[in-house]
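target_36.cif (mmCIF, C-alpha atoms) appears below.
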```cif
data_query
loop_
_atom_site.label_atom_id
_atom_site.label_comp_id
_atom_site.auth_asym_id
_atom_site.auth_seq_id
_atom_site.Cartn_x
_atom_site.Cartn_y
_atom_site.Cartn_z
CA MET A 27 -13.44 19.25 23.69
CA SER A 28 -11.59 21.56 21.26
CA LYS A 29 -12.47 22.18 17.63
CA ILE A 30 -9.48 20.07 16.59
CA ASP A 31 -10.64 17.19 18.80
CA ASP A 32 -14.06 17.39 17.16
CA LEU A 33 -12.44 17.39 13.72
CA MET A 34 -10.27 14.39 14.58
CA LYS A 35 -13.40 12.55 15.62
CA SER A 36 -15.22 13.51 12.41
CA PHE A 37 -12.29 12.42 10.23
CA ARG A 38 -12.03 8.98 11.83
CA LYS A 39 -11.91 6.04 9.44
CA SER A 40 -11.86 2.36 10.17
CA ALA A 41 -8.59 0.72 9.13
CA ILE A 42 -7.00 -2.67 9.71
CA ASP A 43 -3.61 -2.66 11.37
CA LEU A 44 -1.32 -5.50 10.26
CA THR A 45 1.30 -6.80 12.67
CA ILE A 46 4.08 -8.95 11.19
CA GLU A 47 5.35 -11.71 13.47
CA PHE A 48 8.58 -13.41 12.45
CA ASP A 49 8.57 -15.64 15.55
CA ASN A 50 5.90 -17.80 13.96
CA GLU A 51 6.64 -18.47 10.31
CA ASN A 52 4.44 -21.54 9.76
CA THR A 53 1.40 -20.46 7.81
CA PRO A 54 -1.13 -22.77 6.15
CA CYS A 55 -1.81 -22.34 2.45
CA GLY A 56 -3.96 -19.29 1.80
CA ALA A 57 -3.32 -17.70 5.19
CA SER A 58 -2.45 -14.04 5.66
CA LYS A 59 1.32 -13.67 5.53
CA PHE A 60 4.26 -11.49 4.63
CA GLY A 61 6.95 -12.81 2.31
CA GLY A 62 7.73 -16.42 1.62
CA ARG A 63 6.23 -18.02 -1.48
CA PRO A 64 2.85 -16.77 -2.70
CA ASP A 65 -0.14 -19.09 -2.70
CA VAL A 66 -1.63 -18.95 -6.21
CA PRO A 67 -4.03 -20.94 -8.40
CA ASP A 68 -2.90 -23.38 -11.09
CA GLY A 69 -1.77 -21.63 -14.24
CA PHE A 70 -0.77 -18.41 -12.49
CA GLU A 71 2.06 -16.64 -14.30
CA TRP A 72 4.61 -14.83 -12.16
CA PRO A 73 4.42 -11.09 -12.96
CA TYR A 74 7.34 -9.31 -14.64
CA PHE A 75 8.04 -5.63 -15.29
CA LYS A 76 10.19 -4.22 -18.06
CA GLY A 77 12.29 -1.66 -16.22
CA SER A 78 15.82 -0.33 -16.04
CA CYS A 79 18.02 0.28 -13.03
CA PHE A 80 20.34 3.30 -13.30
CA SER A 81 22.20 3.05 -16.62
CA GLU A 82 21.22 -0.53 -17.42
CA GLU A 83 18.98 -1.28 -20.37
CA ALA A 84 15.37 -2.07 -19.65
CA GLU A 85 14.75 -5.76 -19.13
CA ASN A 86 12.00 -7.98 -17.85
CA ARG A 87 12.40 -8.23 -14.10
CA PRO A 88 10.32 -10.46 -11.83
CA LEU A 89 8.24 -8.71 -9.19
CA SER A 90 8.81 -9.58 -5.55
CA PHE A 91 6.00 -11.11 -3.54
CA ILE A 92 5.23 -8.69 -0.70
CA ALA A 93 2.25 -10.09 1.19
CA GLN A 94 -1.09 -11.82 0.95
CA ILE A 95 -4.24 -11.22 2.97
CA ASN A 96 -6.91 -13.82 3.57
CA CYS A 97 -10.12 -11.81 3.42
CA GLU A 98 -11.90 -14.04 5.94
CA ASP A 99 -9.26 -13.03 8.50
CA ILE A 100 -10.26 -9.38 8.22
CA ALA A 101 -13.97 -9.53 7.37
CA GLU A 102 -15.14 -8.59 10.88
CA LEU A 103 -12.65 -5.69 10.99
CA ASP A 104 -13.79 -4.19 7.67
CA GLU A 105 -16.31 -1.78 9.19
CA GLU A 106 -17.50 -0.36 5.86
CA ASP A 107 -17.62 -3.72 4.03
CA LEU A 108 -15.20 -2.50 1.39
CA LEU A 109 -13.15 -5.65 0.84
CA PRO A 110 -14.22 -9.11 -0.33
CA LYS A 111 -15.49 -11.40 2.43
CA LYS A 112 -13.52 -14.40 1.22
CA GLY A 113 -10.54 -15.17 -0.99
CA VAL A 114 -6.97 -13.91 -0.95
CA LEU A 115 -5.54 -10.53 -1.95
CA SER A 116 -1.93 -10.84 -3.12
CA PHE A 117 0.51 -7.93 -3.48
CA PHE A 118 3.62 -7.80 -5.67
CA TYR A 119 6.19 -5.06 -6.38
CA GLU A 120 9.35 -4.89 -8.48
CA VAL A 121 11.78 -4.03 -5.70
CA ASP A 122 14.99 -3.99 -7.77
CA THR A 123 14.24 -0.85 -9.79
CA GLN A 124 11.79 0.50 -7.17
CA LYS A 125 9.69 2.71 -9.41
CA TRP A 126 8.08 5.58 -7.52
CA GLY A 127 4.80 5.61 -9.40
CA PHE A 128 5.13 9.16 -10.70
CA ASP A 129 5.55 8.07 -14.33
CA PRO A 130 2.74 6.52 -16.40
CA LYS A 131 5.43 4.16 -17.71
CA ASP A 132 5.63 2.66 -14.20
CA LYS A 133 2.45 0.71 -14.96
CA GLY A 134 3.05 -2.93 -14.12
CA CYS A 135 5.79 -2.34 -11.53
CA ALA A 136 3.24 -3.36 -8.89
CA ARG A 137 0.37 -5.81 -9.13
CA VAL A 138 -2.58 -6.75 -6.95
CA TYR A 139 -4.31 -10.09 -7.51
CA TYR A 140 -7.53 -11.43 -6.07
CA PHE A 141 -8.02 -15.18 -5.82
CA GLU A 142 -11.58 -15.94 -4.75
CA ASP A 143 -11.25 -19.72 -4.49
CA THR A 144 -8.76 -20.44 -1.71
CA ASP A 145 -9.14 -24.21 -2.16
CA SER A 146 -7.38 -23.94 -5.53
CA LEU A 147 -4.25 -22.28 -4.14
CA SER A 148 -0.79 -23.78 -3.64
CA PRO A 149 2.67 -22.28 -2.98
CA MET A 150 4.54 -21.20 -6.11
CA GLU A 151 8.29 -21.47 -6.53
CA PHE A 152 10.25 -18.26 -7.09
CA PRO A 153 11.42 -17.62 -10.65
CA GLY A 154 15.13 -18.25 -11.10
CA GLU A 155 15.73 -14.64 -12.14
CA LEU A 156 14.52 -13.31 -8.79
CA GLY A 157 17.58 -12.52 -6.67
CA GLU A 158 17.83 -13.85 -3.13
CA GLU A 159 17.73 -10.29 -1.75
CA PHE A 160 14.26 -9.91 -3.27
CA ARG A 161 12.89 -13.09 -1.68
CA TYR A 162 11.67 -12.24 1.79
CA ALA A 163 11.54 -14.41 4.87
CA PRO A 164 7.99 -15.55 5.64
CA ALA A 165 6.09 -14.18 8.61
CA VAL A 166 2.59 -14.34 10.01
CA ILE A 167 0.33 -11.30 9.60
CA SER A 168 -2.04 -10.59 12.49
CA PRO A 169 -4.83 -8.06 11.81
CA GLN A 170 -6.56 -5.86 14.34
CA ALA A 171 -8.98 -2.93 14.25
CA LEU A 172 -7.50 0.55 13.96
CA ASP A 173 -9.12 3.96 14.36
CA ASP A 174 -7.30 5.97 11.71
CA TYR A 175 -6.93 9.71 11.12
CA PRO A 176 -5.48 11.81 8.27
CA CYS A 177 -2.30 13.84 8.42
CA SER A 178 -2.82 17.56 7.81
CA GLN A 179 -1.62 17.28 4.19
CA LEU A 180 -4.95 15.63 3.41
CA ILE A 181 -7.01 18.44 4.98
CA ASP A 182 -7.93 21.78 3.42
CA GLY A 183 -9.24 25.03 4.90
CA PHE A 184 -7.28 25.36 8.16
CA SER A 185 -5.57 28.50 9.35
CA ASP A 186 -1.85 28.26 10.14
CA ASP A 187 -2.61 28.03 13.85
CA GLU A 188 -5.20 25.31 13.26
CA TYR A 189 -2.75 23.31 11.15
CA ASP A 190 -0.21 23.55 13.97
CA GLU A 191 -2.77 22.43 16.53
CA TYR A 192 -3.94 19.58 14.31
CA ASP A 193 -0.37 18.41 13.66
CA GLU A 194 0.22 18.30 17.40
CA ALA A 195 -2.90 16.19 17.91
CA TYR A 196 -1.98 13.93 14.99
CA ASP A 197 1.56 13.43 16.34
CA SER A 198 0.08 12.41 19.69
CA TYR A 199 -2.08 9.87 17.87
CA LEU A 200 0.96 8.42 16.09
CA GLU A 201 2.89 8.16 19.35
CA GLU A 202 0.20 5.81 20.66
CA HIS A 203 0.91 3.36 17.85
CA ASP A 204 3.92 1.39 16.67
CA ASP A 205 6.38 3.15 14.36
CA PHE A 206 5.84 0.27 11.94
CA ARG A 207 2.83 1.30 9.87
CA CYS A 208 1.43 -1.54 7.80
CA LYS A 209 -2.32 -1.53 7.22
CA LEU A 210 -5.33 -1.97 4.99
CA LEU A 211 -7.75 0.88 4.27
CA GLY A 212 -7.87 4.07 6.32
CA TYR A 213 -5.56 6.98 5.49
CA PRO A 214 -2.04 6.82 4.04
CA ASP A 215 0.66 7.81 6.51
CA LEU A 216 2.38 10.22 4.16
CA LEU A 217 6.11 10.84 4.10
CA GLN A 218 5.83 13.34 1.23
CA GLY A 219 2.88 14.69 -0.78
CA ASP A 220 -0.70 13.61 -1.42
CA VAL A 221 -0.67 10.18 -3.07
CA PHE A 222 -4.25 10.41 -4.29
CA THR A 223 -3.68 13.52 -6.40
CA GLU A 224 -0.56 11.89 -7.80
CA CYS A 225 -2.51 8.74 -8.69
CA GLU A 226 -5.14 10.79 -10.51
CA LEU A 227 -2.54 12.76 -12.45
CA VAL A 228 -0.58 9.68 -13.50
CA SER A 229 -3.79 7.88 -14.49
CA ARG A 230 -4.31 10.72 -16.98
CA GLY A 231 -0.88 10.15 -18.47
CA ILE A 232 0.72 13.10 -16.65
CA TYR A 233 4.31 12.70 -15.43
CA THR A 234 4.66 14.01 -11.88
CA GLY A 235 8.39 13.53 -11.32
CA ASP A 236 8.94 17.27 -11.75
CA ALA A 237 6.91 20.43 -11.27
CA ASN A 238 5.81 20.76 -14.90
CA TYR A 239 2.14 19.97 -14.34
CA THR A 240 -0.95 21.76 -13.07
CA VAL A 241 -3.41 20.48 -10.51
CA THR A 242 -6.78 21.78 -11.63
CA GLU A 243 -9.94 21.91 -9.55
CA GLU A 244 -11.29 19.04 -11.64
CA ILE A 245 -8.23 16.87 -10.85
CA THR A 246 -8.49 17.71 -7.16
CA LYS A 247 -12.13 16.63 -7.19
CA ALA A 248 -11.36 13.46 -9.14
CA ALA A 249 -8.59 12.58 -6.67
CA GLU A 250 -11.30 12.12 -4.04
CA ASP A 251 -12.27 8.92 -5.86
CA TRP A 252 -8.97 7.32 -4.81
CA MET A 253 -8.43 5.52 -1.52
CA LEU A 254 -5.78 3.51 0.26
CA LEU A 255 -5.95 -0.24 -0.27
CA PHE A 256 -2.71 -1.37 1.38
CA GLN A 257 0.23 0.40 2.98
CA MET A 258 3.51 -1.46 3.48
CA ASP A 259 6.32 -0.11 5.61
CA THR A 260 10.04 -0.86 5.36
CA VAL A 261 11.00 -4.12 7.09
CA GLU A 262 14.50 -4.35 8.53
CA ASN A 263 15.44 -7.00 11.08
CA GLU A 264 17.66 -10.05 11.54
CA LYS A 265 15.28 -12.22 9.50
CA THR A 266 14.89 -10.11 6.38
CA VAL A 267 15.34 -6.63 4.90
CA MET A 268 12.84 -4.99 2.55
CA MET A 269 13.82 -1.36 2.11
CA PHE A 270 11.80 1.17 0.11
CA GLY A 271 14.15 4.01 -0.77
CA ASP A 272 15.49 5.40 2.52
CA CYS A 273 13.24 3.70 5.09
CA GLY A 274 10.17 4.54 3.03
CA ARG A 275 6.71 3.11 2.42
CA ILE A 276 4.71 1.89 -0.52
CA TYR A 277 1.04 2.72 -0.94
CA TYR A 278 -1.27 0.60 -3.09
CA CYS A 279 -4.11 2.95 -4.02
CA ILE A 280 -7.32 2.21 -5.90
CA ARG A 281 -10.40 4.08 -7.08
CA LYS A 282 -13.46 3.39 -4.95
CA GLN A 283 -15.45 2.15 -7.95
CA ASP A 284 -12.63 -0.22 -8.93
CA LEU A 285 -12.58 -1.66 -5.42
CA LYS A 286 -16.34 -2.11 -5.52
CA SER A 287 -16.12 -3.96 -8.86
CA ARG A 288 -13.06 -5.94 -7.63
CA SER A 289 -10.96 -4.49 -10.46
CA PHE A 290 -7.74 -4.84 -8.49
CA GLU A 291 -5.70 -4.74 -11.70
CA ASN A 292 -6.34 -0.98 -11.71
CA ALA A 293 -4.56 -0.37 -8.41
CA TRP A 294 -1.59 2.03 -8.56
CA LEU A 295 1.50 2.09 -6.36
CA ILE A 296 3.24 5.17 -5.00
CA LEU A 297 6.58 4.97 -3.15
CA GLN A 298 7.61 7.67 -0.67
CA CYS A 299 10.61 7.92 1.63
CA PHE A 300 12.29 10.44 3.92
#
```

Whole structure, C-alpha cells version:
Amino acid sequence: MSKIDDLMKSFRKSAIDLTIEFDNENTPCGASKFGGRPDVPDGFEWPYFKGSCFSEEAENRPLSFIAQINCEDIAELDEEDLLPKKGVLSFFYEVDTQKWGFDPKDKGCARVYYFEDTDSLSPMEFPGELGEEFRYAPAVISPQALDDYPCSQLIDGFSDDEYDEYDEAYDSYLEEHDDFRCKLLGYPDLLQGDVFTECELVSRGIYTGDANYTVTEEITKAAEDWMLLFQMDTVENEKTVMMFGDCGRIYYCIRKQDLKSRSFENAWLILQCF
C-alpha cells in the first residue's frame, strides 16, 4: 500500500449519502424528504431574508424549503453520534438572490431549524410571495453510509508530486460514486476554495468577496472548528430544477461546539459553482 493509500485511509470520515428519489413522492409527515411543503410545528413563521437581486432594491424575500431530515432515519449511520437521535432537521435557502455567503450581510439567507417533537409537525403552505420556480417538487430522501475523503484543497504539507498522486486517488474515489453529491457530515466536495476558512472569516465580520483580507495562522486554526452539516447539489430533471449558480452546490457549515449544543441557528451557508 502506498503512502497516499495510507493517508486516504487515515483521512476517512463517516458521512451519510442522501439519494433523492422522485419516483416515490408520497412521504408521511416528518419523514426525510426533498422539496414539497415543510413539516413544521404550530406557530412556525416562514423565514424571510432582506436581499436585493441585481439592481433591485432590497426587499423581504421568502426562503425556499430545500429539504428535511428525520434524525431517526440516519441515527444508525451517524458513526460519531454527531446529530440528534430524534426530531427533524429542516433546511431553507433564499434561492432568488442566491447569496454566496462571502458577505457578513448574507446572514439570514439560509436557515437550519431543529424540531425535536415530530408529533407536533404538520405541512405548512407556501407563502404567496414565493414564486412557483422556488417551490420544488417533493421527493423521498434515502440515506446510506458513506466512507468520505477530503479533496487535496483541505490537506496541507504535500509536495507537488504527492498532491498529484493524491488527486488521482481522490478522482478514482469520486468515480465510484454518483455525480450527484448530496450528503450529511463528512467532507465538503469543493468546487472552489476552502469553505471552512471562509466561514471563519465571515463570522468575524470579514468580507471575502475579494482578495482584500489576510488569513492569519489564528484564523486557519479557528477554521478547524467548522465542519460540514449538509451539502446539497444542483437538481435538474423533468420533475424540478434547483440550480445553484452554474450547476453548483450549497454547503451548510457549523462549528463543532454549535452542533454539540444544537445551536443550528449558527450554521452558515456557502455557495460554490464551476

For the structure provided, state which residues fall under the PyMOL selection byres ((chain A and resi 163-165) around 12), and present them as a VMD selection string. chain A and resid 44 to 54 57 to 64 90 to 94 158 to 162 166 to 168 261 to 268

On this structure, which residues satisfy the PyMOL selection byres ((chain A and resi 254) around 8), written as a PyMOL selection string? chain A and resi 210-214+252-253+255-257+277-280

CA of Leu33 in chain A and CA of Tyr175 in chain A are how many Å apart?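 Taking CA of Leu33 in chain A as the start and CA of Tyr175 in chain A as the end point, the length is 9.8 Å.
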
Could you pull the residues within 9 Å of Met34 in chain A, counting all atoms listed in the file, minus those fewer than 6 positions along the same chain, as a PyMOL selection string? chain A and resi 175-176+192+195-196

Output file for the selection above: C-alpha atoms, as a PDB file, keeping the file's coordinate frame:
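And here is the file that came out, out.pdb:
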```pdb
ATOM      1  CA  TYR A 175      -6.930   9.710  11.120  1.00  0.00           C
ATOM      2  CA  PRO A 176      -5.480  11.810   8.270  1.00  0.00           C
ATOM      3  CA  TYR A 192      -3.940  19.580  14.310  1.00  0.00           C
ATOM      4  CA  ALA A 195      -2.900  16.190  17.910  1.00  0.00           C
ATOM      5  CA  TYR A 196      -1.980  13.930  14.990  1.00  0.00           C
TER       6      TYR A 196
END
```

Near-Trp126 in chain A list (9 Å; all atoms listed in the file; drop same-chain fewer than 2 positions) as a PyMOL selection string: chain A and resi 124+128-129+132+235+276+295-298

Report, in Å with one decimal, the straight-line distance from CA of Thr234 in chain A to CA of Lys133 in chain A. 13.8 Å

Selection result of the PyMOL selection byres ((chain A and resi 38) around 8) on this file, as a CSV table (one decimal) with C-alpha atoms, in the coordinates of the input:
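The resulting result-v3.csv:
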```csv
chain,number,residue,atom,x,y,z
A,34,MET,CA,-10.3,14.4,14.6
A,35,LYS,CA,-13.4,12.6,15.6
A,36,SER,CA,-15.2,13.5,12.4
A,37,PHE,CA,-12.3,12.4,10.2
A,39,LYS,CA,-11.9,6.0,9.4
A,40,SER,CA,-11.9,2.4,10.2
A,173,ASP,CA,-9.1,4.0,14.4
A,174,ASP,CA,-7.3,6.0,11.7
A,175,TYR,CA,-6.9,9.7,11.1
A,176,PRO,CA,-5.5,11.8,8.3
```

Give me the residues within 7 Å of range 134-136 of chain A as a PDB file with C-alpha atoms, in the frame of the given file, counting only C-alpha atoms and dropping any in the same chain fewer than 3 places off.
```pdb
ATOM      1  CA  PHE A  75       8.040  -5.630 -15.290  1.00  0.00           C
ATOM      2  CA  PHE A 118       3.620  -7.800  -5.670  1.00  0.00           C
ATOM      3  CA  TYR A 119       6.190  -5.060  -6.380  1.00  0.00           C
ATOM      4  CA  GLU A 120       9.350  -4.890  -8.480  1.00  0.00           C
ATOM      5  CA  LYS A 125       9.690   2.710  -9.410  1.00  0.00           C
ATOM      6  CA  LEU A 295       1.500   2.090  -6.360  1.00  0.00           C
TER       7      LEU A 295
END
```

Which value, in Å to one decimal, gives the distance between CA of Ala293 in chain A and CA of Asp205 in chain A?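 These two atoms are separated by 25.5 Å.
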
With 10 Å as the threshold, what does the neighbourhood of (-8.6, -12.9, -0.4) contain in terms of residues, counting all atoms listed in the file? Coordinates are those of the file; answer as a tab-separated table (two decimals) with C-alpha atoms, keeping the file's coordinate frame.
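The file below, part-v5.tsv, is the result:
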```tsv
chain	number	residue	atom	x	y	z
A	56	GLY	CA	-3.96	-19.29	1.80
A	57	ALA	CA	-3.32	-17.70	5.19
A	58	SER	CA	-2.45	-14.04	5.66
A	94	GLN	CA	-1.09	-11.82	0.95
A	95	ILE	CA	-4.24	-11.22	2.97
A	96	ASN	CA	-6.91	-13.82	3.57
A	97	CYS	CA	-10.12	-11.81	3.42
A	98	GLU	CA	-11.90	-14.04	5.94
A	99	ASP	CA	-9.26	-13.03	8.50
A	100	ILE	CA	-10.26	-9.38	8.22
A	109	LEU	CA	-13.15	-5.65	0.84
A	110	PRO	CA	-14.22	-9.11	-0.33
A	111	LYS	CA	-15.49	-11.40	2.43
A	112	LYS	CA	-13.52	-14.40	1.22
A	113	GLY	CA	-10.54	-15.17	-0.99
A	114	VAL	CA	-6.97	-13.91	-0.95
A	115	LEU	CA	-5.54	-10.53	-1.95
A	116	SER	CA	-1.93	-10.84	-3.12
A	139	TYR	CA	-4.31	-10.09	-7.51
A	140	TYR	CA	-7.53	-11.43	-6.07
A	141	PHE	CA	-8.02	-15.18	-5.82
A	142	GLU	CA	-11.58	-15.94	-4.75
A	143	ASP	CA	-11.25	-19.72	-4.49
A	144	THR	CA	-8.76	-20.44	-1.71
```

Quick one: residues within 7 Å of Leu103 in chain A, only C-alpha atoms, excluding same-chain residues fewer than 3 positions away - as a PDB file with C-alpha atoms, in the coordinates of the input?
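Result file is result20.pdb:
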```pdb
ATOM      1  CA  ILE A  42      -7.000  -2.670   9.710  1.00  0.00           C
ATOM      2  CA  ILE A 100     -10.260  -9.380   8.220  1.00  0.00           C
ATOM      3  CA  GLN A 170      -6.560  -5.860  14.340  1.00  0.00           C
ATOM      4  CA  ALA A 171      -8.980  -2.930  14.250  1.00  0.00           C
TER       5      ALA A 171
END
```

Which of A:Leu180, A:Leu285, A:Val66, A:Leu172 sits closest to Asp107 in chain A [using only C-alpha atoms]: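 For Asp107 in chain A, the nearest of the given residues is A:Leu285.
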
Point out the residue among A:Leu156, A:Ala249, A:Leu200, A:Val138 with the least atom-to-atom distance to Asn86 in chain A, counting all atoms listed in the file.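 Among the listed residues, A:Leu156 lies closest to Asn86 in chain A.
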
For each of A:Thr246, A:Asp259, A:Tyr239, A:Asp122, take the minimum atom-to-atom distance to Asp182 in chain A, counting all atoms listed in the file, then give the residue where this is smallest.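 Ranking A:Thr246, A:Asp259, A:Tyr239, A:Asp122 by distance to Asp182 in chain A, first place goes to A:Thr246.
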
Asp193 in chain A: which residues within 10 Å, counting only C-alpha atoms, same-chain residues fewer than 2 positions away excluded, as a count of residues only? 15

Atoms are missing here; could range 149-159 of chain A be completed with all heavy atoms and written as a CSV table (one decimal), keeping the file's coordinate frame?
```
chain,number,residue,atom,x,y,z
A,149,PRO,N,1.5,-23.1,-2.9
A,149,PRO,CA,2.7,-22.3,-3.0
A,149,PRO,C,3.4,-22.4,-4.3
A,149,PRO,O,3.5,-23.5,-4.9
A,149,PRO,CB,3.5,-22.8,-1.8
A,149,PRO,CG,2.6,-23.6,-1.0
A,149,PRO,CD,1.5,-24.1,-1.9
A,150,MET,N,3.8,-21.2,-4.8
A,150,MET,CA,4.5,-21.2,-6.1
A,150,MET,C,6.0,-21.0,-5.9
A,150,MET,O,6.4,-20.2,-5.0
A,150,MET,CB,4.0,-20.1,-7.0
A,150,MET,CG,4.5,-20.0,-8.4
A,150,MET,SD,3.7,-18.8,-9.4
A,150,MET,CE,4.4,-19.1,-11.0
A,151,GLU,N,6.8,-21.7,-6.6
A,151,GLU,CA,8.3,-21.5,-6.5
A,151,GLU,C,8.7,-20.1,-7.1
A,151,GLU,O,8.0,-19.6,-8.0
A,151,GLU,CB,9.0,-22.6,-7.3
A,151,GLU,CG,8.9,-24.0,-6.7
A,151,GLU,CD,9.5,-24.1,-5.4
A,151,GLU,OE1,10.4,-23.3,-5.0
A,151,GLU,OE2,9.1,-25.0,-4.6
A,152,PHE,N,9.7,-19.5,-6.6
A,152,PHE,CA,10.2,-18.3,-7.1
A,152,PHE,C,10.9,-18.5,-8.5
A,152,PHE,O,11.5,-19.5,-8.7
A,152,PHE,CB,11.3,-17.7,-6.2
A,152,PHE,CG,10.9,-17.3,-4.8
A,152,PHE,CD1,11.3,-18.0,-3.7
A,152,PHE,CD2,10.0,-16.2,-4.6
A,152,PHE,CE1,10.9,-17.6,-2.4
A,152,PHE,CE2,9.6,-15.9,-3.4
A,152,PHE,CZ,10.0,-16.6,-2.3
A,153,PRO,N,10.7,-17.5,-9.4
A,153,PRO,CA,11.4,-17.6,-10.6
A,153,PRO,C,12.9,-17.5,-10.4
A,153,PRO,O,13.4,-16.8,-9.5
A,153,PRO,CB,10.9,-16.4,-11.5
A,153,PRO,CG,10.4,-15.5,-10.4
A,153,PRO,CD,9.9,-16.3,-9.3
A,154,GLY,N,13.7,-18.2,-11.3
A,154,GLY,CA,15.1,-18.2,-11.1
A,154,GLY,C,15.8,-16.9,-11.2
A,154,GLY,O,16.8,-16.6,-10.6
A,155,GLU,N,15.1,-16.0,-11.9
A,155,GLU,CA,15.7,-14.6,-12.1
A,155,GLU,C,15.6,-13.7,-10.9
A,155,GLU,O,16.2,-12.6,-10.9
A,155,GLU,CB,15.1,-13.9,-13.4
A,155,GLU,CG,15.1,-14.7,-14.6
A,155,GLU,CD,13.8,-15.5,-14.9
A,155,GLU,OE1,13.3,-16.1,-13.9
A,155,GLU,OE2,13.3,-15.4,-16.0
A,156,LEU,N,14.8,-14.1,-10.0
A,156,LEU,CA,14.5,-13.3,-8.8
A,156,LEU,C,15.7,-13.5,-7.8
A,156,LEU,O,15.8,-14.6,-7.2
A,156,LEU,CB,13.2,-13.7,-8.1
A,156,LEU,CG,12.7,-12.8,-7.0
A,156,LEU,CD1,12.5,-11.4,-7.5
A,156,LEU,CD2,11.5,-13.4,-6.3
A,157,GLY,N,16.4,-12.4,-7.6
A,157,GLY,CA,17.6,-12.5,-6.7
A,157,GLY,C,17.2,-12.8,-5.2
A,157,GLY,O,16.1,-12.5,-4.8
A,158,GLU,N,18.1,-13.5,-4.5
A,158,GLU,CA,17.8,-13.8,-3.1
A,158,GLU,C,17.4,-12.6,-2.3
A,158,GLU,O,16.6,-12.8,-1.3
A,158,GLU,CB,19.1,-14.5,-2.5
A,158,GLU,CG,19.3,-15.9,-3.1
A,158,GLU,CD,18.3,-16.9,-2.7
A,158,GLU,OE1,17.6,-16.7,-1.7
A,158,GLU,OE2,18.1,-17.9,-3.5
A,159,GLU,N,18.0,-11.5,-2.6
A,159,GLU,CA,17.7,-10.3,-1.8
A,159,GLU,C,16.3,-9.8,-2.0
A,159,GLU,O,15.8,-8.9,-1.2
A,159,GLU,CB,18.7,-9.2,-2.0
A,159,GLU,CG,18.6,-8.6,-3.4
A,159,GLU,CD,19.5,-9.3,-4.5
A,159,GLU,OE1,19.6,-10.5,-4.4
A,159,GLU,OE2,20.0,-8.6,-5.4
```
